[in-house]
Amino acid sequence: MKNKFILVLTILTTFMQFGCSNLEEEVLDESLTGGAALDAVADGSISPAYAVLPTLFLHTSYFTLQEISTDEAILPYRGGTDWGDNGIFIDMHRHTYTSSHIRIKDTWGSITQGISRSVTAINALAPLAETNPTAKIYLAEAKGLRAYYSMLSLDLFGLIFVKENPAEVSTILRGNDAVEYIKNEFLAIENEVSKTVGPGRMTQGAVWGLLARLHLNAAAYREPYATTLDFKTEDMDKVILYTDKIIASGQYNLSSEYFEIFDDENHTNKELIFAVDQRAELNGHNRLAYFSLSGDMFPNPAFPKANGTDGPAITPDFYQTWVAAYGAKDPAVSDPRFFKENLKIPSDSCIAAKDFEVNRGILRGQQYGLLTTANGQPFARCADGVGYKIGKLKNITRSDKTKLVNHTEFIDFTAAGSGYSNGYRVLKYEFSKKSDSGRNKGDADIVIMRLADIYLMRAEAKLRKSNDVAGALADVNFVRASRTARIVSPALTSMSLEILYRERGFEFYWETLRRTDMIRFGKYEGTWTEKTDSNVQKRLFPIPQSAIDGASDKPGYLVQNAGY
Amino acid sequence: MLFFLTVFSVASWAQTEVSGVVLDDANGPLPGVNVLVKGNKKGIVTDLDGRFVIKASVGDVIEFSYVGLETQVITLKNYTKLNIKLQANAMQLEDLVVVGYGSKRKKDVTGAVTSVKSDAFNRGIVTSPEQLIQGKVSGVNITSASGEPGSNQTISIRGQGGVRSGSTPLFVVDGFALDNSSTGGATNPLSFINSDDIESIDVLKDASATAIYGARGANGVILITTKRGKKGQSKVTYSTSLGTSSMAKEIPVYSADAFRAKVIEIGGQLTDLGGSTNWQKEITRTAFSQNHNLNISGGTDNSTYFASIGHQDQQGILKNSELKKLSGRINLTQKLMNDRLKIDLNLNATNTKSERPAIESLIGTALSLNPTYPAYYENGFPSIFADVFNPLIRLDLYEDLTNTNRIIANISPSFEIIKGLDYKLNLGVDNSNSDRDIQNRPSTLPQQDGRLDSYYISNKNNLIENYITYNFDLGKNNFSLLAGHSYQKTFVQYRHWSIDKFKDNGIDPKYNPGLGQELDLIDNMPSGSAIKNELQSFFGRVGYSFKDRYLLTATLRRDGSSKFGSNNKYGNFPSFAAGWRISEEEFMKASPFSNLKLRAGWGRTGNQEIPSKITQASSTTSVTGSTSYPLYPTDIFSGGTTYARLANPDIQWEVSTQTNVGLDFGLFNGALSGTVDYFNKVSDNILLEVVPSDPIQAASTYWTNVKDMTITNKGLELALAYEYKNENGISFGLGGNVSFIDNKIENSPFTVLTTGSASGSGLSSATINGYVNGQPIGTFYMKEFTGINAQGMSMFRDVNGDGLDTDADRVVAGSALPDKLYSFYGNIAYKGFDLNFNFNGVSGNKIYDNTANSNFYKARLAKSLNTTAAAAQYPTESITNPASISTRYLKNGAFLRLNNLSLGYNLNPKKIGLENWVSTMRFSLTGQNLFVITDYDGYDPEVNTDRTVDGITSYGIDYLSYPKARTFLFGFNVSF
């Protein structure tokens with residue numbers, strides 16, 4: 001009996017030993033430390049803070065908030081099947097957006113992620129910066145990025161989050177407190193950042209440019225809903241101070257060909273001060289080129305699937321500002337910024353692949369290009385089998401294949417106004433030569449700040465500060481006179497805030513500045529195609545509902561903006 | 001050896017044949033009764049007329065036994081013909097109920113446990129075991145996600161105890177606890193079990209029953225027992241069924257003619273290609289299914305065996321949808337050392353092949369595609385449309401194939417140390433490997449570059465358990481004790497590769513991925529994961545009964561899990577229960593109650609179903625577009641280091657505390673029996689992945705136990721059954737059950753926890769469910785639609801009265817979870833014929849029709865996309881009115897379904913002269929899903945498209961779900 005017990009106990013203990021575990025969790029598929037080599041830690045820390053930028057500058061993110069909400073861009077329910085998205089682009093244009101708007105949520109997500117990654121980078125780089133000079137520069141850039149993302153947050157949502165350590169809970173600042181914080185953050189790194197690593201990285205020029213932009217808009221940031229914005233003299237002085245510094249640095253030049261600023265190869269263009277460095281092989285998207293272009297336009301002979309999408313067009317109202325400025329003369333022959341003709345159709349309608357280049361700027365009327373029978377089908381070739389046939393584009397990828405791709409000025413949200421071809425289109429960025437789908441592999445840097453803006457900001461500050469018409473006119477005309485590659489737009493003879501506002505539209509259309517400009521010039525509550533809302537509370541976007549719901553365990557912490 | 005020889009020769013010398021007949025209590029002949037002379041190894045079985053002939057000597061003890069009837073033992077006095085009558089077990093009280101680490105007589109059970117035997121299972125095509133008991137167990141809600149063959153089943157026992165996914169019960173097959181992880185593909189991981197192999201399914205509902213499974217018991221436990229051989233009963237059974245299925249209901253979109261008129265009438269742009277196509281008909285078919293099962297079983301005194309092989313081939317009603325299953329099972333029991341050592345062995349191998357079309361896009365296109373588009377050209381080829389892919393071409397070009405091999409084996413030797421004291425070892429292995437290929441075949445016209453996506457999943461689950469049971473009596477005191485240790489390790493590995501741009505040369509990409517021409521890291525970044533979890537437990541149970549009348553059970557399990565940090569590794573899960581068999585009391589002797597038992601129990605269980613690695617922070621360094629950035633002009637990019645996850649080292653179990661009071665009763669000698677249970681289950685320490693209140697976080701969400709928050713499920717369950725059998729051979733039974741469940745969230749610090757992401761263009765950030773205090777899980781939280789305003793736009797109730805239409809106007813608009821579940825069933829049998837039916841229904845729930853929301857609105861009709869008439873319901877509605885999430889698309893989800901109707905006939909083989917070879921033959925006709933009474937106008941009200949957001953489970957959403965089939969089956973069953 002006893003022996004049996006011992007036998008059983010032995011068996012039992014054996015198996016128990018076999019089975020017993022200390023239950024330490026073994027992680028098989030992740031390196032919990034990140035696994036970067038020690039010398040790569042600095043690079044690995046700063047990269048993610050920048051890496052948010054291409055996503056933020058997607059067509060459906062920051063671009064939608066800054067442009068579709070204005071008179072520069074309208075996106076109807078194309079052909080009844082495309083870009084309907086349950087009215088989100090219509091809501092954006094009509095200012096009827098709510099806190100569950102996906103595009104607002106996406107943009108918020110990118111900005112908060114940018115801030116968070118900057119905070120993480122600052123904490124990782126701070127100890128390295130004591131000994132490593134590269135890390136020291138990165139640390140300054142991380143602080144600059146945090147200030148930049150915060151400035152976007154203030155501009156769009158009217159608040160910023162301040163934290164030094166990832167573990168602490170952010171302090172929320174609004175109004176003047178937020179402006180002061182961002183200003184001081186930039187000032188703290190003004191002389192820490194490099195002067196020469198741009199435009200893809202935060203440089204001294206970028207810091208000065210952003211400081212100028214902050215001071216120019218400070219009135220709107222302090223009192224977002226004010227009927228009349230209070231532009232303070234000391235702010236305008238600061239705008240002039242920083243723009244002067246940039247111009248005096250001699251580092252930047254205005255581009256003689258306007259559209260080269262937006263070419264695939266724009267990384268070395270001397271006009272760029274701060275930009276999103278896109279590489280087709282890593283992080284580049286072609287969305288800003290693809291978004292407005294006709295779905296039947298195929299700009300790359302090598303890629304029969306790389307087309308546009310018939311997204312937004314400019315509103316007739318915005319087009320009429322060009323017409324008003326140049327009167328009887330067509331804007332295409334009056335202003336090099338309006339249009340650049342690249343595609344001159346040969347008499348035999350036959351062109352070699354290397355010579356095929358689509359037009360740039362604002363595209364009107366019948367469009368010509370490579371011919372195909374459907375998206376993805378090979379392009380029609382000439383009789384010699386080498387050249388490509390060029391002809392009138394039709395809606396071959398749509399149900400009615402006989403309809404011509406003929407862009408009309410008329411566009412609105414009615415069925416008649418939301419055809420595939422309605423509206424004048426914008427192809428400002430070069431359609432990436434490397435993009436095989438039309439969506440991916442963008443190569444052009446996306447402009448955040450360029451020299452022309454420096455001149456126009458200085459002009460505006462001069463006007464707002466002391467109505468220095470002569471000074472402002474000189475700055476504006478300097479920019480106009482610098483575009484010498486093809487045609488030169490005539491010098492302006494008078495200057496006012498109205499004219500300057502119009503000039504900013506000509507210079508910066510579709511460069512994600514319009515909403516901020518409209519608010520600063522008191523235009524955001526105006527009326528334009530399909531837009532009548534005049535509620536000043538729409539100047540700020542709603543905080544996404546998911547963020548409000550997430551913070552609902554801390555009453556009073558994250559308060560929704562008025563009107564949402 | 002000499003001893004055996006002697007016994008054998010003595011026995012054979014004295015034996016003479018004795019014959020007789022065995023009858024049931026209604027004097028009907030009883031075929032299949034085991035007749036065994038004690039001491040002999042081999043018994044015989046009565047024939048169809050209940051007759052037997054066996055060799056025996058005077059003085060021999062002969063035993064007559066039959067499952068469900070009282071075993072009768074006689075001592076042979078002479079050789080006159082024997083006339084044996086077997087009585088039904090009073091209330092079948094001797095039925096064994098599997099309770100986890102053992103079984104108990106039903107009368108001794110103190111917890112809320114329901115056992116369903118194979119003869120009560122649902123009939124028809126069954127691809128996973130949950131379907132067998134749908135509607136059979138009170139308090140258990142089983143909902144199939146869709147009508148797809150092998151579709152996932154949502155099963156909840158006594159309501160939802162958590163807000164997060166992972167609220168499925170624990171499944172234990174023959175003592176082996178399964179891991180609920182997906183085994184690859186999109187089909188239910190449990191479909192590997194051949195339903196024909198299942199003997200019984202036991203559902204442990206209350207905490208006093210489930211606490212023995214500790215940290216995995218909070219959502220209830222389902223114990224599946226497979227068939228085993230029986231001593232002296234050599235049997236070969238072949239069964240087959242052949243069935244046809246068709247779509248039970250079409251969604252009534254406009255016909256081509258009605259469409260033409262309607263688009264014009266509402267002022268839309270009509271595109272008319274002159275055809276007339278019912279696209280739903282084009283993508284569906286009459287589907288055939290077949291099922292073959294062969295099993296052999298039998299046994300001697302020392303060993304029993306059961307072996308089966310099954311083949312199931314079920315076509316879905318959508319074209320290119322099919323589930324094929326081949327399974328084999330061997331269950332052996334061997335006794336050694338004078339029956340003191342017993343070894344059970346179970347081995348199950350299954351190969352499952354599933355083929356799926358691109359379901360959502362197929363249904364979505366078929367519902368909204370312009371009906372004037374002709375489906376085919378005159379030459380019979382599917383038409384090509386420039387603006388949209390013809391779904392018939394998509395069917396040709398797209399293929400989603402999953403092939404899963406799963407082998408489960410467990411061996412459990414037990415050794416009787418002294419009488420009543422047993423030691424048992426349980427070793428189990430569950431290995432599954434699955435590969436899934438999703439291919440888009442290359443095509444020249446319409447142009448499509450080929451693409452192949454391949455996924456590999458391998459699952460491993462190892463179990464080692466040691467336990468001791470000791471049963472003994474001290475006078476009128478009976479004790480049963482259990483103590484043990486368990487260690488389980490699960491491992492899930494996943495990998496994915498893809499390749500693009502195949503040339504259109506007639507070769508399927510899956511057969512030669514090397515023909516793909518493009519492999520860039522932007523479109524073809526490989527991915528993978530590997531997760532290992534360990535669970536270690538110590539458990540014990542004490543059962544005590546006094547005079548068979550007063551019953552007490554106490555259990556304790558201590559569970560440790562690798563998912564938790566060192567400060568919270570282990571949790572304790574106790575339970576107590578008591579039972580009083582009132583019917584055994586003297587004062588009840590004269591009452592009509594043949595059984596009356598009062599049960600009460602309390603227990604605590606846990607839920608550890610959260611992702612692994614939460615206690616450890618993680619950062620990764622990778623070169624991707626979203627983590628790296630070109631810092632220098634070169635094309636060499638340095639990796640970016642980002643946080644993948646924040647650590648919560650203090651994460652803990654979710655704890656569920658349940659009280660249960662129940663009453664079992666039997667009246668009129670067991671003819672009427674029933675059970676009533678009241679329960680109150682409170683879950684706290686709720687595990688959640690939440691959005692941090694501060695949006696500036698390294699990760700956008702983090703896991704935490706929400707303090708004070710509770711989820712309460714209270715309910716009442718009632719089950720009744722009545723059996724009748726008369727002298728003329730007519731028998732019938734009627735039964736039913738009903739459950740009332742009240743679910744409520746309390747003390748949540750969040751105003752709302754949203755989930756149920758809406759699908760469809762422009763709806764992608766909107767949510768449908770929202771969980772708020774005072775309301776149940778599954779609550780719909782959205783704006784209340786009040787009609788169309790003068791501008792033709794939607795109006796919503798301005799709840800906060802601020803004059804604005806904002807998300808602050810969202811309201812609680814009902815729940816996806818029914819507050820009442822019911823079912824009733826019946827059977828009638830006469831002279832070999834039998835008829836069975838089974839209804840089940842729910843009420844008090846709603847369904848969000850996301851299919852209608854994203855497809856059937858006026859703006860789409862105006863653009864020549866097909867809709868139902870509901871889209872044009874408001875004549876003044878503008879054709880630019882967007883369809884946002886609102887109660888406009890929230891519909892009543894109550895239904896009553898005739899789930900099963902089956903007519904069978906048992907043919908006496910003697911009638912066709914086969915009695916020497918065949919013992920039973922049965923023919924049956926079964927109809928499944930014959931009709932549904934419901935207000936819901938989607939495909940079927942039993943639907944649950946998973947739209948989980950951040951781990952918070954969604955409920956009651958219907959989005960382009962696979963339509964339900966109506967099925968007719970012919971079945972044939974023969975045993976030898």
# chains A, B, ... in the order shown; residues from 1 in each chain; ligands from 1
>>> residues_around(residues="stretch 834-840 of chain B", least_positions_apart="3", cutoff="9 Å", atoms="only C-alpha atoms", output="list in words")
Asn122, Gln134, Gly135, Lys136, Leu821, Tyr822, Ser823, Phe824, Tyr825, Gly826, Asn827, Ile828, Ala829, Tyr830, Lys831, Phe895, Leu896, Arg897, Leu898, Asn899, Asn900, Leu901, Ser902, Leu903, Gly904, Tyr905 and Asn906 of chain B
>>> write_last_selection(atoms="N, CA, C and O atoms", output="CSV table (one decimal), in the first residue's frame")
chain,number,residue,atom,x,y,z
B,122,ASN,N,-29.9,19.3,-33.0
B,122,ASN,CA,-30.5,19.8,-34.2
B,122,ASN,C,-30.1,19.0,-35.4
B,122,ASN,O,-28.9,18.5,-35.4
B,134,GLN,N,-28.2,24.9,-30.7
B,134,GLN,CA,-28.9,26.2,-30.8
B,134,GLN,C,-30.4,26.0,-30.4
B,134,GLN,O,-31.1,25.2,-31.0
B,135,GLY,N,-30.8,26.8,-29.5
B,135,GLY,CA,-32.2,26.7,-29.0
B,135,GLY,C,-32.5,25.6,-28.0
B,135,GLY,O,-33.6,25.4,-27.6
B,136,LYS,N,-31.5,24.8,-27.7
B,136,LYS,CA,-31.7,23.6,-26.9
B,136,LYS,C,-31.4,23.9,-25.4
B,136,LYS,O,-31.8,23.2,-24.5
B,821,LEU,N,-35.1,35.1,-25.1
B,821,LEU,CA,-34.7,34.0,-26.1
B,821,LEU,C,-35.7,32.9,-25.8
B,821,LEU,O,-35.9,32.5,-24.6
B,822,TYR,N,-36.2,32.3,-26.8
B,822,TYR,CA,-37.1,31.1,-26.5
B,822,TYR,C,-37.0,30.1,-27.7
B,822,TYR,O,-36.5,30.4,-28.8
B,823,SER,N,-37.4,28.9,-27.3
B,823,SER,CA,-37.4,27.9,-28.3
B,823,SER,C,-38.4,26.8,-27.9
B,823,SER,O,-38.7,26.7,-26.7
B,824,PHE,N,-39.0,26.1,-28.8
B,824,PHE,CA,-39.9,25.0,-28.5
B,824,PHE,C,-39.7,23.9,-29.5
B,824,PHE,O,-39.4,24.2,-30.7
B,825,TYR,N,-39.9,22.7,-29.1
B,825,TYR,CA,-39.7,21.6,-30.0
B,825,TYR,C,-40.7,20.5,-29.7
B,825,TYR,O,-41.3,20.5,-28.6
B,826,GLY,N,-40.8,19.6,-30.6
B,826,GLY,CA,-41.7,18.5,-30.3
B,826,GLY,C,-41.3,17.3,-31.2
B,826,GLY,O,-40.6,17.4,-32.2
B,827,ASN,N,-41.9,16.2,-30.8
B,827,ASN,CA,-41.6,15.0,-31.6
B,827,ASN,C,-42.8,14.1,-31.5
B,827,ASN,O,-43.5,14.0,-30.4
B,828,ILE,N,-43.1,13.3,-32.5
B,828,ILE,CA,-44.2,12.3,-32.4
B,828,ILE,C,-43.7,11.1,-33.2
B,828,ILE,O,-43.1,11.2,-34.2
B,829,ALA,N,-43.9,9.9,-32.6
B,829,ALA,CA,-43.5,8.7,-33.3
B,829,ALA,C,-44.6,7.7,-33.3
B,829,ALA,O,-45.3,7.5,-32.3
B,830,TYR,N,-44.7,7.0,-34.4
B,830,TYR,CA,-45.7,5.9,-34.4
B,830,TYR,C,-45.2,4.9,-35.5
B,830,TYR,O,-44.9,5.3,-36.6
B,831,LYS,N,-45.1,3.7,-35.1
B,831,LYS,CA,-44.8,2.6,-36.0
B,831,LYS,C,-43.7,2.9,-37.0
B,831,LYS,O,-43.8,2.8,-38.2
B,895,PHE,N,-37.5,37.7,-34.1
B,895,PHE,CA,-37.9,36.7,-35.1
B,895,PHE,C,-38.3,35.4,-34.5
B,895,PHE,O,-38.0,35.1,-33.3
B,896,LEU,N,-39.0,34.6,-35.2
B,896,LEU,CA,-39.3,33.2,-34.8
B,896,LEU,C,-39.0,32.4,-36.1
B,896,LEU,O,-39.5,32.6,-37.2
B,897,ARG,N,-38.2,31.3,-35.9
B,897,ARG,CA,-37.8,30.6,-37.0
B,897,ARG,C,-38.2,29.1,-36.8
B,897,ARG,O,-38.0,28.5,-35.7
B,898,LEU,N,-38.7,28.5,-37.9
B,898,LEU,CA,-38.8,27.0,-37.9
B,898,LEU,C,-37.4,26.5,-38.4
B,898,LEU,O,-37.1,26.5,-39.5
B,899,ASN,N,-36.6,26.2,-37.4
B,899,ASN,CA,-35.2,25.9,-37.6
B,899,ASN,C,-35.1,24.6,-38.3
B,899,ASN,O,-34.3,24.4,-39.2
B,900,ASN,N,-35.9,23.6,-37.9
B,900,ASN,CA,-35.8,22.2,-38.3
B,900,ASN,C,-37.1,21.6,-38.3
B,900,ASN,O,-37.9,21.7,-37.4
B,901,LEU,N,-37.3,20.8,-39.4
B,901,LEU,CA,-38.5,19.9,-39.4
B,901,LEU,C,-38.0,18.7,-40.1
B,901,LEU,O,-37.4,18.7,-41.2
B,902,SER,N,-38.2,17.5,-39.4
B,902,SER,CA,-37.6,16.3,-39.9
B,902,SER,C,-38.6,15.2,-39.8
B,902,SER,O,-39.3,15.0,-38.8
B,903,LEU,N,-38.7,14.4,-40.9
B,903,LEU,CA,-39.6,13.3,-40.9
B,903,LEU,C,-38.7,12.1,-41.1
B,903,LEU,O,-37.9,12.0,-42.1
B,904,GLY,N,-38.9,11.1,-40.3
B,904,GLY,CA,-38.0,9.9,-40.4
B,904,GLY,C,-38.8,8.6,-40.4
B,904,GLY,O,-39.9,8.6,-39.9
B,905,TYR,N,-38.2,7.6,-41.0
B,905,TYR,CA,-38.9,6.3,-41.0
B,905,TYR,C,-37.8,5.2,-40.7
B,905,TYR,O,-36.8,5.2,-41.4
B,906,ASN,N,-38.1,4.4,-39.7
B,906,ASN,CA,-37.2,3.3,-39.4
B,906,ASN,C,-37.7,2.1,-40.1
B,906,ASN,O,-38.8,1.6,-39.7
>>> residues_around(residues="B:Thr806", least_positions_apart="5", cutoff="9 Å", atoms="only C-alpha atoms", output="number ranges by chain")
A: 97-100, 563-564; B: 783, 798
>>> write_last_selection(atoms="N, CA and C atoms", output="short mmCIF file (atom, residue, chain, number, x, y, z; two decimals), in the first residue's frame")
data_model
loop_
_atom_site.label_atom_id
_atom_site.label_comp_id
_atom_site.auth_asym_id
_atom_site.auth_seq_id
_atom_site.Cartn_x
_atom_site.Cartn_y
_atom_site.Cartn_z
N TYR A 97 -19.49 70.41 -41.30
CA TYR A 97 -18.77 69.29 -40.70
C TYR A 97 -19.10 69.13 -39.21
N THR A 98 -19.06 67.86 -38.74
CA THR A 98 -19.33 67.57 -37.33
C THR A 98 -18.14 66.80 -36.74
N SER A 99 -18.25 66.49 -35.46
CA SER A 99 -17.11 65.91 -34.75
C SER A 99 -16.80 64.48 -35.18
N SER A 100 -17.66 63.86 -35.99
CA SER A 100 -17.31 62.50 -36.45
C SER A 100 -16.77 62.52 -37.87
N GLY A 563 -20.01 75.18 -30.59
CA GLY A 563 -20.78 74.95 -31.81
C GLY A 563 -20.77 73.51 -32.31
N TYR A 564 -20.12 72.61 -31.56
CA TYR A 564 -20.11 71.23 -32.04
C TYR A 564 -20.70 70.27 -31.01
N LYS B 783 -27.88 59.14 -33.80
CA LYS B 783 -28.87 60.20 -33.89
C LYS B 783 -30.24 59.62 -34.25
N ASP B 798 -32.99 67.08 -31.87
CA ASP B 798 -31.98 67.93 -31.23
C ASP B 798 -32.05 67.68 -29.73
#
>>> closest_atom_pairs(of="chain B", to="chain A", cutoff="7 Å", atoms="only C-alpha atoms", output="CSV")
residue,atom,partner,partner_atom,distance
B:Phe385,CA,A:Ser399,CA,7.0
B:Ala386,CA,A:Thr397,CA,5.1
B:Asp387,CA,A:Arg398,CA,4.4
B:Ile417,CA,A:Lys4,CA,6.9
B:Gln447,CA,A:Gly376,CA,5.6
B:Ile464,CA,A:Gly19,CA,6.3
B:Asn466,CA,A:Leu12,CA,6.7
B:Tyr487,CA,A:Gly19,CA,5.5
B:Ser529,CA,A:Asp29,CA,5.4
B:Ala530,CA,A:Asp29,CA,5.4
B:Ile531,CA,A:Leu28,CA,6.6
B:Lys532,CA,A:Glu26,CA,6.8
B:Glu534,CA,A:Leu23,CA,6.1
B:Ser561,CA,A:Leu23,CA,6.1
B:Ser562,CA,A:Leu23,CA,4.6
B:Lys563,CA,A:Glu25,CA,6.5
B:Ala617,CA,A:Leu32,CA,6.5
B:Ser618,CA,A:Leu32,CA,4.3
B:Ser619,CA,A:Gly34,CA,4.7
B:Thr620,CA,A:Gly34,CA,4.1
B:Thr621,CA,A:Gly34,CA,5.1
B:Thr624,CA,A:Leu282,CA,6.5
B:Gly625,CA,A:Asn283,CA,4.0
B:Ser626,CA,A:Ala51,CA,5.3
B:Thr627,CA,A:Pro48,CA,4.6
B:Ser628,CA,A:Ser47,CA,5.0
B:Tyr629,CA,A:Ser47,CA,5.1
B:Pro630,CA,A:Asp277,CA,6.7
B:Ser638,CA,A:Asp43,CA,6.4
B:Gly639,CA,A:Gly44,CA,5.5
B:Gly640,CA,A:Gly44,CA,4.1
B:Thr641,CA,A:Gly44,CA,5.0
B:Thr642,CA,A:Pro48,CA,6.6
B:Val690,CA,A:Gly550,CA,6.8
B:Val691,CA,A:Gly550,CA,4.8
B:Pro692,CA,A:Gly550,CA,5.8
B:Ser693,CA,A:Ala551,CA,3.6
B:Asp694,CA,A:Val169,CA,6.1
B:Pro695,CA,A:Thr112,CA,6.4
B:Ile696,CA,A:Ser116,CA,5.0
B:Gln697,CA,A:Ser116,CA,5.5
B:Ala698,CA,A:Ser116,CA,5.8
B:Pro749,CA,A:Asp553,CA,4.7
B:Phe750,CA,A:Asp553,CA,4.9
B:Thr751,CA,A:Ser552,CA,5.4
B:Val752,CA,A:Asp549,CA,6.0
B:Leu753,CA,A:Asp549,CA,6.9
B:Ser761,CA,A:Asp85,CA,4.1
B:Gly762,CA,A:Asp85,CA,3.3
B:Leu763,CA,A:Asn86,CA,6.3
B:Ser764,CA,A:Ile102,CA,6.9
B:Ser765,CA,A:Ile102,CA,4.9
B:Ala766,CA,A:Ser100,CA,6.2
B:Thr806,CA,A:Tyr564,CA,5.7
B:Asp807,CA,A:Ser99,CA,6.4
B:Arg860,CA,A:Gly80,CA,6.5
B:Lys863,CA,A:Gly80,CA,4.7
B:Pro882,CA,A:Asn86,CA,5.2
B:Ala883,CA,A:Asn86,CA,6.2
B:Ser884,CA,A:Asn86,CA,6.8
>>> closest_residue(among="B:Ile84, B:Leu519, B:Val932, B:Met588", to="B:Gly28", atoms="only C-alpha atoms")
B:Ile84
>>> residues_around(residues="A:Asp453", least_positions_apart="2", cutoff="9 Å", atoms="only C-alpha atoms", output="mmCIF file with N, CA and C atoms, in the first residue's frame")
data_model
loop_
_atom_site.group_PDB
_atom_site.id
_atom_site.type_symbol
_atom_site.label_atom_id
_atom_site.label_comp_id
_atom_site.auth_asym_id
_atom_site.auth_seq_id
_atom_site.Cartn_x
_atom_site.Cartn_y
_atom_site.Cartn_z
ATOM 1 N N GLY A 209 10.692 81.438 -40.633
ATOM 2 C CA GLY A 209 9.482 81.498 -41.457
ATOM 3 C C GLY A 209 8.239 81.144 -40.644
ATOM 4 N N MET A 449 6.817 75.806 -46.624
ATOM 5 C CA MET A 449 7.186 77.232 -46.560
ATOM 6 C C MET A 449 8.156 77.532 -47.696
ATOM 7 N N ARG A 450 7.848 78.571 -48.484
ATOM 8 C CA ARG A 450 8.805 78.945 -49.544
ATOM 9 C C ARG A 450 8.987 80.459 -49.572
ATOM 10 N N LEU A 451 10.001 80.886 -50.302
ATOM 11 C CA LEU A 451 10.440 82.273 -50.224
ATOM 12 C C LEU A 451 9.350 83.267 -50.639
ATOM 13 N N TYR A 455 8.063 86.954 -48.785
ATOM 14 C CA TYR A 455 7.843 88.291 -49.338
ATOM 15 C C TYR A 455 6.394 88.741 -49.137
ATOM 16 N N LEU A 456 5.454 87.825 -49.389
ATOM 17 C CA LEU A 456 4.048 88.233 -49.277
ATOM 18 C C LEU A 456 3.633 88.432 -47.821
ATOM 19 N N MET A 457 4.243 87.678 -46.903
ATOM 20 C CA MET A 457 3.946 87.911 -45.478
ATOM 21 C C MET A 457 4.487 89.276 -45.055
ATOM 22 N N ARG A 458 5.684 89.590 -45.571
ATOM 23 C CA ARG A 458 6.261 90.881 -45.202
ATOM 24 C C ARG A 458 5.385 92.016 -45.754
ATOM 25 N N ARG A 504 -2.287 86.398 -53.001
ATOM 26 C CA ARG A 504 -1.938 85.162 -52.280
ATOM 27 C C ARG A 504 -2.647 83.971 -52.916
ATOM 28 N N GLU A 507 -0.696 83.076 -56.030
ATOM 29 C CA GLU A 507 0.626 82.529 -55.753
ATOM 30 C C GLU A 507 0.547 81.160 -55.054
ATOM 31 N N PHE A 508 -0.435 81.019 -54.144
ATOM 32 C CA PHE A 508 -0.406 79.832 -53.262
ATOM 33 C C PHE A 508 -1.614 78.912 -53.410
#
>>> residues_around(residues="A:Thr203", least_positions_apart="4", cutoff="12 Å", atoms="only C-alpha atoms", output="PyMOL selection string")
chain A and resi 137-138+140-145+186+189-199+207-210+246+251+272-275+449
>>> select_by_dssp(residues="stretch 289-458 of chain A", states="strand (DSSP E)", output="number ranges by chain")
A: 339-340, 350-351, 360-363, 365-366, 368-370, 388-392, 406-407, 425-427, 446-450
>>> residues_around(residues="stretch 126-130 of chain B", least_positions_apart="5", cutoff="10 Å", atoms="only C-alpha atoms", output="MDAnalysis selection string")
chainID B and resid 121 141:144 149:155 187:196 198 201 222 224 291 312:314 323:325
>>> residues_around(residues="B:Gln87", least_positions_apart="2", cutoff="7 Å", atoms="only C-alpha atoms", output="ChimeraX atom specification")
/B:24-25,69-70,85,89
>>> atom_distance(atom1="atom CA of B:Asn929", atom2="atom CA of B:Glu250")
14.6 Å
>>> select_by_dssp(residues="stretch 345-532 of chain A", states="alpha helix (DSSP H)", output="number ranges by chain")
A: 451-466, 469-482, 497-508, 514-520
>>> residues_around(residues="B:Ala215", least_positions_apart="3", cutoff="10 Å", atoms="only C-alpha atoms", output="PyMOL selection string")
chain B and resi 210-212+218-219+535+537+557-561+570-573+604-609+653-656
